[in-house]
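Asker: My structure file my_file_39.txt, compact mmCIF, C-alpha atoms, is below:
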# COMPACT_ATOMS: atom_id res chain seq x y z
CA THR A 1 117.94 180.82 58.89
CA PRO A 2 119.89 183.90 59.96
CA ALA A 3 117.81 186.46 61.82
CA PHE A 4 118.93 189.99 62.57
CA THR A 5 117.63 192.95 64.54
CA LEU A 6 118.38 196.57 63.85
CA ALA A 7 121.14 197.60 66.25
CA ARG A 8 121.86 201.04 64.85
CA THR A 9 120.38 203.29 62.18
CA ASP A 10 123.29 205.55 61.17
CA PRO A 11 125.14 203.66 59.84
CA VAL A 12 122.72 200.77 59.47
CA ILE A 13 124.10 197.94 61.59
CA LEU A 14 122.36 194.64 62.20
CA SER A 15 122.86 192.30 65.15
CA CYS A 16 122.43 188.52 64.88
CA VAL A 17 119.77 187.29 67.31
CA TYR A 18 121.70 184.06 67.92
CA CYS A 19 125.35 185.03 68.36
CA LEU A 20 125.05 188.85 68.65
CA SER A 21 127.66 189.40 65.93
CA ARG A 22 127.18 192.63 64.00
CA ARG A 23 127.15 193.37 60.30
CA LYS A 24 126.63 196.44 58.17
CA ALA A 25 123.77 196.61 55.72
CA GLY A 26 124.76 198.08 52.36
CA TYR A 27 121.30 198.09 50.80
CA LEU A 28 117.73 198.28 52.02
CA GLY A 29 114.80 196.92 50.11
CA SER A 30 111.05 197.32 50.23
CA ARG A 31 108.86 194.21 50.23
CA ALA A 32 105.93 196.30 48.97
CA GLU A 33 107.74 197.91 46.03
CA ARG A 34 110.19 195.08 45.29
CA ARG A 35 113.02 197.62 44.92
CA TYR A 36 116.27 198.13 46.76
CA HIS A 37 118.40 201.19 47.43
CA ARG A 38 121.85 201.93 48.82
CA VAL A 39 121.56 202.83 52.53
CA SER A 40 122.87 206.34 51.79
CA SER A 41 120.02 207.00 49.33
CA ALA A 42 117.25 209.42 50.28
CA GLN A 43 114.77 206.81 49.01
CA VAL A 44 115.30 204.55 52.06
CA LYS A 45 113.46 207.06 54.27
CA LYS A 46 110.30 206.28 52.28
CA ILE A 47 110.39 202.55 53.10
CA LEU A 48 108.02 201.63 55.89
CA PRO A 49 109.70 199.71 58.74
CA ARG A 50 107.37 196.71 58.34
CA ASN A 51 108.38 196.43 54.65
CA THR A 52 112.14 196.83 55.13
CA VAL A 53 114.54 194.11 54.04
CA PHE A 54 118.28 194.38 54.72
CA PHE A 55 121.02 193.29 52.32
CA ALA A 56 124.78 193.19 52.80
CA ASP A 57 125.59 194.18 49.22
CA ARG A 58 124.14 194.73 45.76
CA SER A 59 124.57 191.12 44.61
CA GLU A 60 122.57 189.87 47.61
CA ALA A 61 119.81 192.41 46.87
CA GLU A 62 119.68 191.44 43.18
CA ALA A 63 119.52 187.73 44.04
CA ALA A 64 116.50 188.33 46.28
Turn the structure described in the file into structure tokens.
Answerer:
Amino acid sequence: TPAFTLARTDPVILSCVYCLSRRKAGYLGSRAERRYHRVSSAQVKKILPRNTVFFADRSEAEAA
């Protein structure tokens, strides 16, 4: 299972814990609210770090 850490917050960039490759997150979701938002949305500031889920694009967010 891929695992990523937050490498940068603006823009949101994730780093793979295995190979250290980097990837941009296009959407952030909240486990508590079961909603997702584009990373540029003001709503992402309301998501608690422990509830944050990262998605590459909208289709990945909708699938989850």
Asker: Within 10 Å of Ala7 (chain A), counting all atoms listed in the file, which residues show up once you throw out same-chain ones fewer than 5 positions away? Write them as a PyMOL selection string, please.
Answerer: chain A and resi 12-16+20+22-24
Asker: Could you write out that same residue set with C-alpha atoms as a CSV table (one decimal), keeping the file's coordinate frame?
Answerer:
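Output file result-v8.csv follows:
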chain,number,residue,atom,x,y,z
A,12,VAL,CA,122.7,200.8,59.5
A,13,ILE,CA,124.1,197.9,61.6
A,14,LEU,CA,122.4,194.6,62.2
A,15,SER,CA,122.9,192.3,65.2
A,16,CYS,CA,122.4,188.5,64.9
A,20,LEU,CA,125.0,188.8,68.6
A,22,ARG,CA,127.2,192.6,64.0
A,23,ARG,CA,127.2,193.4,60.3
A,24,LYS,CA,126.6,196.4,58.2
Asker: What's around Asp57 (chain A) at 9 Å? Count all atoms listed in the file, leave out sequence neighbours fewer than 6 positions away in its own chain, and write the answer as JSON, numbers by chain.
Answerer: {"A": [25, 26, 27, 38]}
Asker: Could you write out the selected residues, including C-alpha atoms, as an mmCIF file, in the coordinates of the input?
Answerer:
data_model
loop_
_atom_site.group_PDB
_atom_site.id
_atom_site.type_symbol
_atom_site.label_atom_id
_atom_site.label_comp_id
_atom_site.auth_asym_id
_atom_site.auth_seq_id
_atom_site.Cartn_x
_atom_site.Cartn_y
_atom_site.Cartn_z
ATOM 1 C CA ALA A 25 123.770 196.610 55.720
ATOM 2 C CA GLY A 26 124.760 198.080 52.360
ATOM 3 C CA TYR A 27 121.300 198.090 50.800
ATOM 4 C CA ARG A 38 121.850 201.930 48.820
#
Asker: Choose the residue, out of A:Arg58, A:Val53, A:Ala63, A:Ser21, that has the smallest atom-to-atom separation from Glu33 (chain A); count only C-alpha atoms.
Answerer: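 Of A:Arg58, A:Val53, A:Ala63, A:Ser21, the one nearest Glu33 (chain A) is A:Val53, counting only C-alpha atoms.
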Asker: For a test of reading the model, state the distance in Å between CA of Lys45 (chain A) and CA of Cys19 (chain A), rounded to one decimal.
Answerer: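 Separation of CA of Lys45 (chain A) and CA of Cys19 (chain A): 28.7 Å.
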Asker: Excluding Ser41 (chain A) and residues on its chain fewer than 5 positions from it, collect all residues at most 12 Å away from it, counting all atoms listed in the file, and give them as an NGL selection string.
Answerer: :A and (26-29 or 36 or 46-47)
Asker: Find the spatial neighbours of Arg31 (chain A), counting all atoms listed in the file, within a cut-off of 12 Å - ignore same-chain residues fewer than 6 positions away - and output them as a list in words.
Answerer: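 Once the nearby chain positions are removed, what remains is Ile47, Leu48, Pro49, Arg50, Asn51, Thr52, Val53, Phe54, Ala61 and Ala64 of chain A.
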Asker: Using all atoms listed in the file, can you tell me which of A:Val17, A:Asp10, A:Ser30, A:Ser59 comes closest to Gln43 (chain A)?
Answerer: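 Closest to Gln43 (chain A) of all the choices is A:Ser30.
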Asker: Find the distance between CA of Pro11 (chain A) and CA of Arg34 (chain A) and write it in Å to one decimal.
Answerer: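 Calculated distance between CA of Pro11 (chain A) and CA of Arg34 (chain A) is 22.6 Å.
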Asker: Starting from the block above, write region 14-47 of chain A out to a file with N, CA, C and O atoms, as an mmCIF file, in the first residue's frame, please.
Answerer:
data_model
loop_
_atom_site.group_PDB
_atom_site.id
_atom_site.type_symbol
_atom_site.label_atom_id
_atom_site.label_comp_id
_atom_site.auth_asym_id
_atom_site.auth_seq_id
_atom_site.Cartn_x
_atom_site.Cartn_y
_atom_site.Cartn_z
ATOM 1 N N LEU A 14 3.397 15.620 -1.589
ATOM 2 C CA LEU A 14 3.570 14.424 -0.772
ATOM 3 C C LEU A 14 4.839 13.700 -1.196
ATOM 4 O O LEU A 14 5.210 13.720 -2.362
ATOM 5 N N SER A 15 5.472 13.025 -0.252
ATOM 6 C CA SER A 15 6.680 12.261 -0.522
ATOM 7 C C SER A 15 6.434 10.801 -0.143
ATOM 8 O O SER A 15 5.977 10.513 0.963
ATOM 9 N N CYS A 16 6.741 9.890 -1.053
ATOM 10 C CA CYS A 16 6.573 8.461 -0.802
ATOM 11 C C CYS A 16 7.574 8.016 0.266
ATOM 12 O O CYS A 16 8.755 8.352 0.186
ATOM 13 N N VAL A 17 7.106 7.274 1.264
ATOM 14 C CA VAL A 17 7.996 6.839 2.344
ATOM 15 C C VAL A 17 8.944 5.723 1.891
ATOM 16 O O VAL A 17 9.947 5.472 2.548
ATOM 17 N N TYR A 18 8.657 5.087 0.773
ATOM 18 C CA TYR A 18 9.495 3.990 0.294
ATOM 19 C C TYR A 18 10.570 4.463 -0.679
ATOM 20 O O TYR A 18 11.736 4.176 -0.510
ATOM 21 N N CYS A 19 10.158 5.207 -1.712
ATOM 22 C CA CYS A 19 11.118 5.581 -2.754
ATOM 23 C C CYS A 19 11.437 7.069 -2.776
ATOM 24 O O CYS A 19 12.245 7.512 -3.578
ATOM 25 N N LEU A 20 10.778 7.858 -1.917
ATOM 26 C CA LEU A 20 10.986 9.294 -1.798
ATOM 27 C C LEU A 20 10.564 10.099 -3.031
ATOM 28 O O LEU A 20 10.882 11.270 -3.134
ATOM 29 N N SER A 21 9.856 9.465 -3.967
ATOM 30 C CA SER A 21 9.332 10.233 -5.099
ATOM 31 C C SER A 21 8.268 11.192 -4.580
ATOM 32 O O SER A 21 7.662 10.972 -3.536
ATOM 33 N N ARG A 22 8.058 12.275 -5.302
ATOM 34 C CA ARG A 22 7.112 13.294 -4.862
ATOM 35 C C ARG A 22 5.942 13.398 -5.814
ATOM 36 O O ARG A 22 6.085 13.129 -7.000
ATOM 37 N N ARG A 23 4.811 13.818 -5.258
ATOM 38 C CA ARG A 23 3.597 13.953 -6.064
ATOM 39 C C ARG A 23 2.734 15.051 -5.465
ATOM 40 O O ARG A 23 2.697 15.232 -4.252
ATOM 41 N N LYS A 24 2.077 15.790 -6.340
ATOM 42 C CA LYS A 24 1.185 16.858 -5.889
ATOM 43 C C LYS A 24 -0.166 16.278 -5.512
ATOM 44 O O LYS A 24 -0.640 15.339 -6.136
ATOM 45 N N ALA A 25 -0.752 16.864 -4.498
ATOM 46 C CA ALA A 25 -2.117 16.497 -4.113
ATOM 47 C C ALA A 25 -3.041 17.555 -4.709
ATOM 48 O O ALA A 25 -2.816 18.746 -4.537
ATOM 49 N N GLY A 26 -4.071 17.117 -5.412
ATOM 50 C CA GLY A 26 -5.015 18.051 -6.013
ATOM 51 C C GLY A 26 -6.210 18.324 -5.126
ATOM 52 O O GLY A 26 -6.815 19.390 -5.182
ATOM 53 N N TYR A 27 -6.526 17.340 -4.276
ATOM 54 C CA TYR A 27 -7.692 17.444 -3.397
ATOM 55 C C TYR A 27 -7.341 16.932 -2.017
ATOM 56 O O TYR A 27 -6.522 16.032 -1.875
ATOM 57 N N LEU A 28 -7.967 17.520 -1.014
ATOM 58 C CA LEU A 28 -7.837 17.052 0.358
ATOM 59 C C LEU A 28 -9.217 16.691 0.856
ATOM 60 O O LEU A 28 -10.188 17.376 0.554
ATOM 61 N N GLY A 29 -9.273 15.617 1.608
ATOM 62 C CA GLY A 29 -10.544 15.181 2.160
ATOM 63 C C GLY A 29 -10.497 15.124 3.666
ATOM 64 O O GLY A 29 -9.424 15.132 4.268
ATOM 65 N N SER A 30 -11.662 15.056 4.268
ATOM 66 C CA SER A 30 -11.786 14.935 5.712
ATOM 67 C C SER A 30 -12.433 13.595 6.037
ATOM 68 O O SER A 30 -13.530 13.302 5.561
ATOM 69 N N ARG A 31 -11.742 12.782 6.827
ATOM 70 C CA ARG A 31 -12.317 11.501 7.252
ATOM 71 C C ARG A 31 -13.569 11.719 8.097
ATOM 72 O O ARG A 31 -14.508 10.950 8.028
ATOM 73 N N ALA A 32 -13.576 12.778 8.906
ATOM 74 C CA ALA A 32 -14.694 13.041 9.813
ATOM 75 C C ALA A 32 -15.946 13.477 9.046
ATOM 76 O O ALA A 32 -17.048 13.017 9.338
ATOM 77 N N GLU A 33 -15.775 14.351 8.066
ATOM 78 C CA GLU A 33 -16.919 14.886 7.332
ATOM 79 C C GLU A 33 -17.270 14.092 6.074
ATOM 80 O O GLU A 33 -18.334 14.271 5.507
ATOM 81 N N ARG A 34 -16.332 13.275 5.615
ATOM 82 C CA ARG A 34 -16.523 12.500 4.376
ATOM 83 C C ARG A 34 -16.754 13.410 3.177
ATOM 84 O O ARG A 34 -17.572 13.153 2.317
ATOM 85 N N ARG A 35 -16.009 14.523 3.141
ATOM 86 C CA ARG A 35 -16.071 15.478 2.030
ATOM 87 C C ARG A 35 -14.653 15.756 1.555
ATOM 88 O O ARG A 35 -13.694 15.615 2.300
ATOM 89 N N TYR A 36 -14.549 16.190 0.314
ATOM 90 C CA TYR A 36 -13.248 16.561 -0.219
ATOM 91 C C TYR A 36 -13.337 17.939 -0.855
ATOM 92 O O TYR A 36 -14.411 18.413 -1.221
ATOM 93 N N HIS A 37 -12.177 18.600 -0.934
ATOM 94 C CA HIS A 37 -12.103 19.947 -1.472
ATOM 95 C C HIS A 37 -10.822 20.087 -2.280
ATOM 96 O O HIS A 37 -9.814 19.443 -1.977
ATOM 97 N N ARG A 38 -10.845 20.958 -3.266
ATOM 98 C CA ARG A 38 -9.643 21.287 -4.028
ATOM 99 C C ARG A 38 -8.649 21.931 -3.060
ATOM 100 O O ARG A 38 -9.049 22.665 -2.162
ATOM 101 N N VAL A 39 -7.350 21.675 -3.231
ATOM 102 C CA VAL A 39 -6.359 22.195 -2.285
ATOM 103 C C VAL A 39 -6.358 23.719 -2.210
ATOM 104 O O VAL A 39 -5.966 24.286 -1.199
ATOM 105 N N SER A 40 -6.827 24.393 -3.233
ATOM 106 C CA SER A 40 -6.859 25.854 -3.229
ATOM 107 C C SER A 40 -8.079 26.413 -2.496
ATOM 108 O O SER A 40 -8.175 27.622 -2.280
ATOM 109 N N SER A 41 -8.993 25.558 -2.084
ATOM 110 C CA SER A 41 -10.212 25.985 -1.399
ATOM 111 C C SER A 41 -9.920 26.437 0.034
ATOM 112 O O SER A 41 -9.072 25.868 0.725
ATOM 113 N N ALA A 42 -10.638 27.447 0.475
ATOM 114 C CA ALA A 42 -10.495 27.917 1.862
ATOM 115 C C ALA A 42 -10.976 26.857 2.849
ATOM 116 O O ALA A 42 -10.571 26.870 4.012
ATOM 117 N N GLN A 43 -11.803 25.934 2.420
ATOM 118 C CA GLN A 43 -12.349 24.895 3.292
ATOM 119 C C GLN A 43 -11.284 23.943 3.833
ATOM 120 O O GLN A 43 -11.461 23.345 4.887
ATOM 121 N N VAL A 44 -10.167 23.780 3.119
ATOM 122 C CA VAL A 44 -9.147 22.819 3.561
ATOM 123 C C VAL A 44 -8.492 23.252 4.868
ATOM 124 O O VAL A 44 -7.989 22.420 5.615
ATOM 125 N N LYS A 45 -8.510 24.538 5.181
ATOM 126 C CA LYS A 45 -7.931 25.020 6.436
ATOM 127 C C LYS A 45 -8.737 24.550 7.647
ATOM 128 O O LYS A 45 -8.235 24.513 8.761
ATOM 129 N N LYS A 46 -9.983 24.144 7.419
ATOM 130 C CA LYS A 46 -10.844 23.679 8.507
ATOM 131 C C LYS A 46 -10.655 22.194 8.822
ATOM 132 O O LYS A 46 -11.140 21.708 9.828
ATOM 133 N N ILE A 47 -9.964 21.471 7.956
ATOM 134 C CA ILE A 47 -9.756 20.036 8.150
ATOM 135 C C ILE A 47 -8.634 19.820 9.167
ATOM 136 O O ILE A 47 -7.529 20.327 9.003
#
